[in-house]
$ cat my_file-v3.pdb   # PDB, C-alpha atoms
ATOM      1  CA  MET O 306     120.854 122.240  82.439
ATOM      2  CA  TRP O 307     120.148 119.801  85.231
ATOM      3  CA  VAL O 308     122.516 117.950  87.564
ATOM      4  CA  TRP O 309     121.397 114.342  88.023
ATOM      5  CA  THR O 310     122.781 112.638  91.141
ATOM      6  CA  ALA O 311     122.455 109.237  92.797
ATOM      7  CA  GLN O 312     123.621 108.710  96.354
ATOM      8  CA  ASP O 313     123.764 105.660  98.609
ATOM      9  CA  ALA O 314     121.539 106.329 101.630
ATOM     10  CA  GLN O 315     123.735 104.403 104.056
ATOM     11  CA  SER O 316     127.262 105.486 103.186
ATOM     12  CA  LYS O 317     126.312 108.804 101.532
ATOM     13  CA  ALA O 318     128.693 107.878  98.691
ATOM     14  CA  TRP O 319     127.880 109.217  95.226
ATOM     15  CA  LEU O 320     126.992 106.338  92.914
ATOM     16  CA  ALA O 321     126.666 108.393  89.743
ATOM     17  CA  TRP O 322     126.119 111.891  88.453
ATOM     18  CA  GLN O 323     125.721 113.686  85.151
ATOM     19  CA  VAL O 324     124.844 117.072  83.742
ATOM     20  CA  GLY O 325     122.062 117.155  81.193
ATOM     21  CA  LYS O 326     118.439 118.032  80.618
ATOM     22  CA  ARG O 327     115.350 116.657  82.332
ATOM     23  CA  THR O 328     114.636 114.271  79.457
ATOM     24  CA  GLN O 329     113.827 110.587  79.195
ATOM     25  CA  ALA O 330     117.171 109.878  77.533
ATOM     26  CA  ASP O 331     119.066 111.492  80.416
ATOM     27  CA  ALA O 332     116.971 109.603  82.972
ATOM     28  CA  HIS O 333     117.855 106.318  81.237
ATOM     29  CA  ARG O 334     121.547 107.257  81.154
ATOM     30  CA  MET O 335     121.515 108.034  84.858
ATOM     31  CA  VAL O 336     119.789 104.804  85.900
ATOM     32  CA  HIS O 337     122.094 102.860  83.581
ATOM     33  CA  ARG O 338     125.115 104.403  85.334
ATOM     34  CA  VAL O 339     123.708 103.551  88.763
ATOM     35  CA  LYS O 340     123.008  99.964  87.761
ATOM     36  CA  ALA O 341     126.517  99.619  86.301
ATOM     37  CA  VAL O 342     128.233 100.399  89.625
ATOM     38  CA  LEU O 343     126.073  98.013  91.684
ATOM     39  CA  ALA O 344     126.313  94.239  91.985
ATOM     40  CA  ALA O 345     124.492  92.467  89.158
ATOM     41  CA  ASP O 346     121.756  91.104  91.441
ATOM     42  CA  CYS O 347     121.308  94.318  93.485
ATOM     43  CA  VAL O 348     117.892  95.990  93.309
ATOM     44  CA  PRO O 349     118.121  99.021  95.604
ATOM     45  CA  GLY O 350     115.285 101.169  96.867
ATOM     46  CA  PHE O 351     114.870 104.446  95.011
ATOM     47  CA  THR O 352     113.387 107.798  96.005
ATOM     48  CA  SER O 353     113.106 110.926  93.869
ATOM     49  CA  ASP O 354     111.131 114.041  93.166
ATOM     50  CA  GLY O 355     107.993 113.791  91.025
ATOM     51  CA  LEU O 356     109.658 113.708  87.605
ATOM     52  CA  GLN O 357     107.917 110.944  85.627
ATOM     53  CA  GLN O 358     110.995 110.064  83.585
ATOM     54  CA  TYR O 359     112.541 108.350  86.618
ATOM     55  CA  PHE O 360     109.733 105.779  86.697
ATOM     56  CA  TYR O 361     110.173 104.801  83.046
ATOM     57  CA  ALA O 362     113.954 104.591  83.357
ATOM     58  CA  LEU O 363     113.794 102.462  86.517
ATOM     59  CA  THR O 364     111.185 100.073  85.161
ATOM     60  CA  ALA O 365     113.182  99.681  81.932
ATOM     61  CA  HIS O 366     116.344  98.738  83.858
ATOM     62  CA  TYR O 367     114.822  96.606  86.636
ATOM     63  CA  GLU O 368     112.605  94.169  84.753
ATOM     64  CA  GLU O 369     112.546  90.619  83.483
ATOM     65  CA  TRP O 370     110.793  88.361  81.015
ATOM     66  CA  VAL O 371     108.312  86.095  82.826
ATOM     67  CA  GLU O 372     106.765  82.945  81.398
ATOM     68  CA  GLN O 373     103.032  82.769  82.128
ATOM     69  CA  ALA O 374     100.781  79.719  81.924
ATOM     70  CA  GLY O 375      98.455  79.835  78.950
ATOM     71  CA  ARG O 376     100.601  82.292  76.989
ATOM     72  CA  ARG O 377     102.954  81.392  74.187
ATOM     73  CA  LYS O 378     105.264  84.340  74.769
ATOM     74  CA  ALA O 379     106.924  85.609  77.908
ATOM     75  CA  VAL O 380     105.647  88.874  79.422
ATOM     76  CA  TRP O 381     107.861  91.858  80.309
ATOM     77  CA  GLN O 382     107.417  92.638  84.036
ATOM     78  CA  VAL O 383     108.971  94.977  86.570
ATOM     79  CA  LEU O 384     110.937  93.098  89.238
ATOM     80  CA  PRO O 385     108.756  92.571  92.321
ATOM     81  CA  THR O 386     111.702  93.635  94.504
ATOM     82  CA  LEU O 387     111.911  97.125  92.966
ATOM     83  CA  LEU O 388     111.023  99.794  95.541
ATOM     84  CA  TYR O 389     110.398 103.297  94.257
ATOM     85  CA  GLY O 390     108.736 106.221  95.982
ATOM     86  CA  GLN O 391     108.408 109.866  95.053
ATOM     87  CA  PHE O 392     108.302 113.017  97.169
ATOM     88  CA  ARG O 393     105.937 115.377  95.401
ATOM     89  CA  LYS O 394     105.310 119.077  95.855
ATOM     90  CA  LEU O 395     102.119 120.883  94.899
ATOM     91  CA  LYS O 396     102.763 124.535  94.128
ATOM     92  CA  VAL O 397     100.424 127.351  93.206
ATOM     93  CA  GLY O 398     102.533 129.952  91.462
ATOM     94  CA  ARG O 399     105.698 130.126  93.542
ATOM     95  CA  LYS O 400     104.004 129.110  96.796
ATOM     96  CA  LEU O 401     104.329 125.606  98.148
ATOM     97  CA  LYS O 402     100.819 124.439  99.078
ATOM     98  CA  HIS O 403     101.223 120.751  99.878
ATOM     99  CA  VAL O 404     103.807 117.950  99.960
ATOM    100  CA  TYR O 405     103.073 114.245  99.816
ATOM    101  CA  THR O 406     104.680 110.921  98.987
ATOM    102  CA  LYS O 407     103.579 108.423  96.379
ATOM    103  CA  MET O 408     104.708 104.811  95.953
ATOM    104  CA  LEU O 409     105.120 103.712  92.339
ATOM    105  CA  CYS O 410     106.755 100.290  92.866
ATOM    106  CA  GLY O 411     106.642  98.103  95.953
ATOM    107  CA  SER O 412     105.112  98.909  99.295
ATOM    108  CA  ARG O 413     105.554 101.996 101.450
ATOM    109  CA  GLU O 414     106.311  99.782 104.466
ATOM    110  CA  GLU O 415     109.198  98.022 102.689
ATOM    111  CA  LEU O 416     110.732 101.307 101.524
ATOM    112  CA  GLU O 417     110.361 102.892 104.969
ATOM    113  CA  LEU O 418     111.983  99.828 106.520
ATOM    114  CA  ILE O 419     115.102  99.961 104.354
ATOM    115  CA  LEU O 420     115.398 103.725 104.818
ATOM    116  CA  GLN O 421     115.126 103.351 108.625
ATOM    117  CA  VAL O 422     117.830 100.699 108.655
ATOM    118  CA  TRP O 423     120.157 103.248 107.092
ATOM    119  CA  ASP O 424     119.068 106.177 109.261
TER     120      ASP O 424
END
$ encode --input "my_file-v3.pdb" --output "structure tokens"
Amino acid sequence: MWVWTAQDAQSKAWLAWQVGKRTQADAHRMVHRVKAVLAADCVPGFTSDGLQQYFYALTAHYEEWVEQAGRRKAVWQVLPTLLYGQFRKLKVGRKLKHVYTKMLCGSREELELILQVWD
């Protein structure tokens, strides 16, 4: 079992939580719960560990159809305001060898800025 949690960086309030497995379905449920408690137009910055399921859940919930010139159909695109970074750990056996961050949506500078405002 896995405990999924979402916390507001500024107030430290819990936005959502659930107990489940580390599956895509549970990731979608968690992001859906977070989005449900926020204002309709709110696109917060997200940080997580390196689990890939977070990326797919976030990009499925924070997207829009965009009309493009020269195309008959709209294109599904991630919102340009979505900020998402991961803190990743590289382990060899049980030993931690290296930690690094990786931006998946938005810019590192924008995410650092909003996190500093709340520090």
$ closest_residue --input "my_file-v3.pdb" --among "O:Leu401, O:Cys347, O:Ala341, O:Leu356" --to "O:Leu387" --atoms "only C-alpha atoms"
O:Cys347
$ resolve_selection --input "my_file-v3.pdb" --expression "the PyMOL selection byres ((chain O and resi 310) around 7)" --output "short mmCIF file (atom, residue, chain, number, x, y, z; two decimals) with C-alpha atoms, in the frame of the given file"
data_model
loop_
_atom_site.label_atom_id
_atom_site.label_comp_id
_atom_site.auth_asym_id
_atom_site.auth_seq_id
_atom_site.Cartn_x
_atom_site.Cartn_y
_atom_site.Cartn_z
CA VAL O 308 122.52 117.95 87.56
CA TRP O 309 121.40 114.34 88.02
CA ALA O 311 122.46 109.24 92.80
CA GLN O 312 123.62 108.71 96.35
CA ALA O 321 126.67 108.39 89.74
CA TRP O 322 126.12 111.89 88.45
CA GLN O 323 125.72 113.69 85.15
#
$ closest_residue --input "my_file-v3.pdb" --among "O:Glu372, O:His403, O:His366, O:Cys410" --to "O:Thr386" --atoms "all atoms listed in the file"
O:Cys410
$ atom_distance --input "my_file-v3.pdb" --atom1 "atom CA of O:Arg327" --atom2 "atom CA of O:Trp307"
6.4 Å
$ axis_aligned_box --input "my_file-v3.pdb" --around "stretch 307-326 of chain O" --padding-each-side "3 Å" --output "AutoDock Vina command-line options"
--center_x 123.6 --center_y 112.1 --center_z 92.3 --size_x 16.3 --size_y 21.4 --size_z 29.4
